[in-house]
Every structure is written in structure tokens, then in C-alpha cells.
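Next comes coords33.tsv, a file with TSV, C-alpha atoms and all ligand atoms.
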```tsv
chain	number	residue	atom	x	y	z
S	1	MET	CA	-10.76	-54.50	-4.03
S	2	THR	CA	-8.22	-52.00	-5.22
S	3	GLY	CA	-7.97	-51.01	-8.81
S	4	CYS	CA	-11.67	-51.37	-9.50
S	5	PHE	CA	-12.08	-47.70	-10.09
S	6	GLN	CA	-10.04	-44.56	-10.31
S	7	PRO	CA	-10.11	-42.79	-6.97
S	8	GLU	CA	-10.56	-39.43	-8.65
S	9	ALA	CA	-11.86	-38.53	-12.02
S	10	LEU	CA	-9.63	-36.15	-13.97
S	11	VAL	CA	-10.99	-33.53	-16.30
S	12	SER	CA	-9.65	-30.44	-17.99
S	13	PHE	CA	-12.68	-28.29	-18.71
S	14	PRO	CA	-14.09	-25.48	-16.61
S	15	VAL	CA	-17.84	-26.04	-16.27
S	16	ILE	CA	-18.53	-28.60	-13.55
S	17	SER	CA	-22.10	-29.67	-12.95
S	18	LEU	CA	-23.01	-30.60	-9.40
S	19	ASP	CA	-24.27	-34.00	-10.47
S	20	SER	CA	-21.03	-34.87	-12.23
S	21	ILE	CA	-18.90	-34.59	-9.09
S	22	PRO	CA	-18.16	-38.10	-7.80
S	23	THR	CA	-17.90	-38.98	-4.13
S	24	HIS	CA	-14.13	-38.90	-4.21
S	25	GLY	CA	-14.04	-35.61	-5.96
S	26	LEU	CA	-13.00	-34.42	-9.33
S	27	THR	CA	-9.50	-33.28	-10.21
S	28	VAL	CA	-9.53	-30.47	-12.74
S	29	GLN	CA	-6.44	-29.45	-14.64
S	30	VAL	CA	-6.21	-25.71	-15.15
S	31	GLN	CA	-5.39	-25.19	-18.79
S	32	ASP	CA	-5.83	-22.59	-21.49
S	33	TRP	CA	-9.53	-22.17	-20.70
S	34	ALA	CA	-8.40	-20.24	-17.62
S	35	ARG	CA	-6.42	-17.57	-19.50
S	36	GLY	CA	-9.33	-15.16	-19.89
S	37	GLY	CA	-10.15	-15.30	-16.19
S	38	CYS	CA	-6.49	-14.93	-15.23
S	39	GLY	CA	-6.06	-11.88	-17.46
S	40	GLU	CA	-9.25	-10.24	-16.18
S	41	GLY	CA	-8.28	-10.90	-12.59
S	42	LEU	CA	-4.79	-9.45	-12.99
S	43	GLY	CA	-5.95	-6.62	-15.21
S	44	GLY	CA	-3.84	-7.53	-18.21
S	45	THR	CA	-3.27	-10.16	-20.86
S	46	ALA	CA	-2.52	-13.61	-19.53
S	47	THR	CA	0.40	-15.36	-21.18
S	48	ALA	CA	0.41	-18.53	-19.08
S	49	VAL	CA	-1.85	-20.14	-16.53
S	50	GLY	CA	-1.78	-23.48	-14.81
S	51	GLY	CA	-2.66	-25.39	-11.71
S	52	GLN	CA	-5.00	-27.99	-10.43
S	53	PHE	CA	-8.28	-28.00	-8.50
S	54	LEU	CA	-9.82	-30.72	-6.43
S	55	VAL	CA	-13.58	-30.23	-6.65
S	56	THR	CA	-15.76	-32.00	-4.10
S	57	ARG	CA	-19.41	-31.68	-3.14
S	58	LEU	CA	-21.07	-31.43	0.22
S	59	ALA	CA	-24.80	-31.78	-0.39
S	60	ARG	CA	-25.36	-28.85	-2.77
S	61	HIS	CA	-22.18	-27.01	-1.82
S	62	ILE	CA	-19.22	-27.27	-4.16
S	63	VAL	CA	-15.81	-27.10	-2.51
S	64	VAL	CA	-12.87	-26.01	-4.66
S	65	ARG	CA	-9.35	-26.46	-3.35
S	66	GLY	CA	-6.13	-26.27	-5.24
S	67	GLN	CA	-3.31	-24.18	-6.48
S	68	LEU	CA	-3.04	-21.77	-9.33
S	69	GLN	CA	-0.27	-19.92	-11.03
S	70	GLY	CA	-0.58	-17.36	-13.74
S	71	THR	CA	1.47	-14.83	-15.64
S	72	ALA	CA	0.13	-11.79	-17.40
S	73	ASN	CA	1.39	-8.70	-19.16
S	74	VAL	CA	0.16	-5.91	-16.92
S	75	ALA	CA	0.75	-2.17	-17.27
S	76	CYS	CA	2.74	-0.57	-14.46
S	77	ASP	CA	0.33	1.50	-12.39
S	78	ARG	CA	2.80	4.39	-12.31
S	79	CYS	CA	4.56	4.61	-15.69
S	80	GLY	CA	2.37	2.41	-17.90
S	81	GLU	CA	5.24	0.18	-19.02
S	82	LEU	CA	4.13	-3.39	-19.70
S	83	LEU	CA	5.39	-5.78	-17.04
S	84	THR	CA	5.39	-9.52	-16.88
S	85	PHE	CA	3.67	-10.19	-13.59
S	86	SER	CA	3.26	-13.63	-12.03
S	87	VAL	CA	1.11	-14.79	-9.16
S	88	ALA	CA	0.92	-18.21	-7.56
S	89	GLY	CA	-1.02	-19.42	-4.58
S	90	GLU	CA	-3.65	-21.67	-3.13
S	91	THR	CA	-7.38	-21.38	-3.15
S	92	ASP	CA	-9.94	-22.93	-0.84
S	93	CYS	CA	-13.47	-21.81	-1.44
S	94	VAL	CA	-17.01	-23.13	-0.93
S	95	TYR	CA	-19.68	-22.30	-3.50
S	96	LEU	CA	-23.30	-22.16	-2.37
S	97	PRO	CA	-26.38	-22.16	-4.59
S	98	PHE	CA	-28.02	-18.73	-4.98
S	99	ASP	CA	-31.33	-19.98	-3.58
S	100	GLU	CA	-29.67	-21.16	-0.39
S	101	ILE	CA	-28.03	-17.77	0.14
S	102	VAL	CA	-31.37	-16.04	-0.42
S	103	ALA	CA	-33.04	-18.40	2.06
S	104	ASN	CA	-30.42	-17.74	4.76
S	105	PRO	CA	-29.38	-14.15	4.23
S	106	ASN	CA	-28.03	-13.64	7.75
S	107	GLU	CA	-25.98	-16.77	7.98
S	108	ASP	CA	-22.86	-15.08	6.67
S	109	ASP	CA	-22.84	-12.20	9.13
S	110	SER	CA	-22.74	-14.42	12.20
S	111	ALA	CA	-19.67	-16.41	11.23
S	112	GLN	CA	-16.48	-14.55	12.08
S	113	GLU	CA	-14.06	-17.05	10.60
S	114	ALA	CA	-16.22	-18.29	7.77
S	115	PRO	CA	-14.25	-19.90	4.97
S	116	ASP	CA	-14.14	-18.07	1.68
S	117	HIS	CA	-17.29	-18.69	-0.20
S	118	GLY	CA	-18.92	-17.78	-3.43
S	119	GLU	CA	-22.16	-18.58	-5.17
S	120	TYR	CA	-23.33	-20.50	-8.19
S	121	ASP	CA	-26.64	-21.31	-9.84
S	122	GLY	CA	-27.10	-24.65	-8.08
S	123	VAL	CA	-26.61	-26.58	-11.32
S	124	ALA	CA	-23.05	-26.06	-12.47
S	125	LEU	CA	-20.02	-24.06	-11.39
S	126	ASP	CA	-17.90	-22.33	-14.01
S	127	LEU	CA	-14.32	-22.52	-12.77
S	128	VAL	CA	-13.41	-19.54	-14.93
S	129	HIS	CA	-15.10	-17.47	-12.22
S	130	VAL	CA	-12.99	-19.17	-9.57
S	131	VAL	CA	-9.85	-18.38	-11.55
S	132	ARG	CA	-10.84	-14.74	-12.09
S	133	GLU	CA	-11.66	-14.28	-8.42
S	134	PHE	CA	-8.39	-15.84	-7.30
S	135	PHE	CA	-6.22	-13.61	-9.46
S	136	ALA	CA	-8.24	-10.50	-8.65
S	137	LEU	CA	-7.78	-11.12	-4.93
S	138	GLU	CA	-4.08	-11.94	-5.27
S	139	ARG	CA	-3.35	-8.88	-7.39
S	140	PRO	CA	-1.75	-6.12	-5.33
S	141	ALA	CA	-3.58	-2.81	-5.26
S	142	ARG	CA	-0.66	-1.34	-7.25
S	143	ILE	CA	1.74	-3.12	-9.56
S	144	LEU	CA	4.92	-1.15	-10.21
S	145	CYS	CA	8.04	-1.79	-12.29
S	146	ALA	CA	9.99	-2.22	-9.07
S	147	ASP	CA	7.81	-5.20	-8.13
S	148	THR	CA	9.37	-7.23	-10.92
S	149	ASP	CA	12.80	-5.57	-10.90
S	150	PRO	CA	13.87	-3.22	-8.08
S	151	ALA	CA	16.54	-1.75	-10.36
S	152	ALA	CA	13.83	-0.55	-12.73
S	153	ASP	CA	12.45	1.95	-10.25
S	154	ALA	CA	14.50	4.94	-11.45
S	155	GLY	CA	13.43	4.39	-15.05
S	156	CYS	CA	9.85	3.94	-13.92
S	157	LEU	CA	9.88	7.26	-12.11
S	158	ALA	CA	11.48	9.00	-15.09
S	159	ARG	CA	8.81	7.64	-17.43
S	160	PHE	CA	6.13	8.66	-14.97
S	161	ARG	CA	7.45	12.24	-14.90
S	162	VAL	CA	7.55	12.42	-18.69
S	163	ARG	CA	4.01	11.12	-18.86
S	164	ALA	CA	2.82	13.49	-16.14
S	165	ASP	CA	4.34	16.46	-17.99
S	166	LEU	CA	2.84	15.42	-21.29
S	167	ALA	CA	-0.47	14.80	-19.68
S	168	SER	CA	-0.61	17.98	-17.63
S	169	PRO	CA	-3.69	19.71	-18.96
S	170	GLN	CA	-3.99	23.25	-20.14
S	171	PRO	CA	-5.60	25.44	-17.52
S	172	ASP	CA	-9.29	24.79	-17.56
S	173	PRO	CA	-10.94	27.75	-19.32
S	174	ARG	CA	-13.65	27.71	-16.69
S	175	PHE	CA	-11.11	28.92	-14.13
S	176	ALA	CA	-10.30	31.91	-16.32
S	177	VAL	CA	-13.97	32.78	-16.26
S	178	LEU	CA	-14.03	32.46	-12.50
S	179	LYS	CA	-11.06	34.85	-12.19
S	180	GLY	CA	-13.13	37.51	-13.81
S	181	VAL	CA	-15.90	37.10	-11.32
S	182	LYS	CA	-15.66	39.52	-8.49
S	183	PRO	CA	-16.60	38.12	-5.16
S	184	THR	CA	-19.82	39.55	-3.92
S	185	ARG	CA	-20.15	40.35	-0.27
S	201	ZN	ZN	6.70	1.68	-14.00
```
Show the structure stored in the file as C-alpha cells.
Ligand SMILES: [Zn+2]
Amino acid sequence: MTGCFQPEALVSFPVISLDSIPTHGLTVQVQDWARGGCGEGLGGTATAVGGQFLVTRLARHIVVRGQLQGTANVACDRCGELLTFSVAGETDCVYLPFDEIVANPNEDDSAQEAPDHGEYDGVALDLVHVVREFFALERPARILCADTDPAADAGCLARFRVRADLASPQPDPRFAVLKGVKPTR
């Protein structure tokens, strides 16, 4: 009885309709379609993205598990220098149809250790959203030159100081006006 069918279907496009997910799940290769989502999530321009998802369904819930890795050119949050920043990790998220979330608005609040979940329209899930969400969550609050090369920190600080000097604004003319106003008591 083995060999009659492939245990998992393999696809490489991002929009997965609920009805197309077979019992054994769908393996989705993360390819160039994910670059836009990767870049948006990391706040830069993606240069490479890859990974693999296993997409399964549980009634109308779509479960997405897998790993992702992406690289983007991202501006340093201190000096503005473009950095090549890479992130890799695993994702495990359940997507619920909008109408189900609307019908059970309080369900989420009660569960302390609820798995990560998102929402979709109940018809098809666009994995570009999954990719964007993953990279946005994995992105540190600040990306600095030193994150990619600790030795670059001194240069980063120097560039920041130059920028800060260049950017320091002229005194706001409104303050000059205020100086001329005598306090009234
Ligand atoms: Zn920097």
C-alpha cells in the first residue's frame, strides 16, 4: 500500500486555499515570492529569503509550521549605514477565519498560553503575510552596526555624531519670539 500517493504535496507559491490543503498537509517552499514580505518585516530590502512551511488544516483553522531565513539590507538605526542583516528561526502559528474570531471575541483573552495565531478570510491564506509577520517579530527593536560587526561600533558612533551635528537644527524662531515675551504675574 505504500507508494500509491505522495505523503505530502509540495508547492512553491504563497496563496494557499483551505480546500487545497490535503489531509497530510502541504509543504511549501519559500522562494522569491517571499522577498517583499521579508523586506517589509525587517524594514529594508530583502536580498535573500528561503525556508519551508508545512501547512495543515484543522477544520477551518490553518496551521503553519516551518523555518525561515532571510537577509536584507537594513539601515543602522544609529548611523544610517546600510547593513546586511540576517534572521533565521522557526514559526508555528494557527490562522483562524475572521468570522470565527468575531463570533468568539473573548476566547483569546482566557487562554494564557495560547499558541501564536493570526487570521485569514476563511478561503485562502497568503503566506506572504506569514513571512512579513515572522520577520517583523524577529527584528530587534534596534539594529546597529555592532550587531553585524562589533568592531564597527566606533565608526558607527563617529558617523552618528557627524549626522547629529549636520542635522542639528537652527534655533526655532518661535523661541526667539518667546524670549521677548515678558512673563506676566
Ligand atoms: Zn551604525
In Å, rounded to a single decimal, give me how far atom CA of S:Gly44 is from atom CA of S:Leu83.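 Atom CA of S:Gly44 lies 9.5 Å from atom CA of S:Leu83.
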Choose the residue, out of S:Asp165, S:Leu125, S:Thr91, S:Ala141, that has the smallest atom-to-atom separation from S:Pro14; count only C-alpha atoms. S:Leu125
Excluding stretch 69-71 of chain S and any residue of its chain fewer than 3 positions from it, enumerate the residues within 12 Å of it, using all atoms listed in the file, and give them as number ranges by chain. S: 29-32, 34-53, 66, 74, 83-91, 131-132, 134-136, 138-139, 148
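Ranking S:Leu96, S:Val55, S:Cys76, S:Leu26 by their shortest atom-to-atom distance to ligand ZN 201 (chain S), with only C-alpha atoms and all ligand atoms included, puts S:Cys76 first.
Closest approach to ligand ZN 201 (chain S) among S:Glu100, S:Glu119, S:Glu133, S:Asp153: S:Asp153, based on all atoms listed in the file.
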All residues having an atom within 6 Å of ligand ZN 201 (chain S) (all atoms listed in the file) as a list of chain:residue names: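 So, counting all atoms listed in the file, the residues near ligand ZN 201 (chain S) are S:Cys76, S:Arg78, S:Cys79, S:Gly80, S:Glu81, S:Leu144, S:Cys145, S:Cys156.
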Selected residues written out with C-alpha atoms, as a CSV table (one decimal), keeping the file's coordinate frame:
```csv
chain,number,residue,atom,x,y,z
S,76,CYS,CA,2.7,-0.6,-14.5
S,78,ARG,CA,2.8,4.4,-12.3
S,79,CYS,CA,4.6,4.6,-15.7
S,80,GLY,CA,2.4,2.4,-17.9
S,81,GLU,CA,5.2,0.2,-19.0
S,144,LEU,CA,4.9,-1.2,-10.2
S,145,CYS,CA,8.0,-1.8,-12.3
S,156,CYS,CA,9.8,3.9,-13.9
```
When you draw a straight line from atom CA of S:His129 to atom CA of S:Leu58, how long is it in Å? 19.6 Å
What separates atom CA of S:Val130 and atom CA of S:Val11 is a distance of 16.0 Å
Using only C-alpha atoms, can you tell me which of S:Gln67, S:Leu82, S:Arg161, S:Asp77 comes closest to S:Arg142?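 Counting only C-alpha atoms, the residue closest to S:Arg142 is S:Asp77.
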Could you tell me which of S:Ile101, S:Ala9, S:Ile143, S:Ala164 comes closest to S:Val28 if we count all atoms listed in the file?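 Using all atoms listed in the file, the shortest distance to S:Val28 belongs to S:Ala9.
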Of S:Val128, S:His61, S:Ser17, S:Asp116, the one nearest to S:Phe98 when counting only C-alpha atoms is S:His61
Name the residues in contact with S:Ile62 at a cut-off of 9 Å, using only C-alpha atoms, excluding same-chain residues fewer than 5 positions from it; report them as a VMD selection string. chain S and resid 18 21 55 to 57 93 to 97 120 125
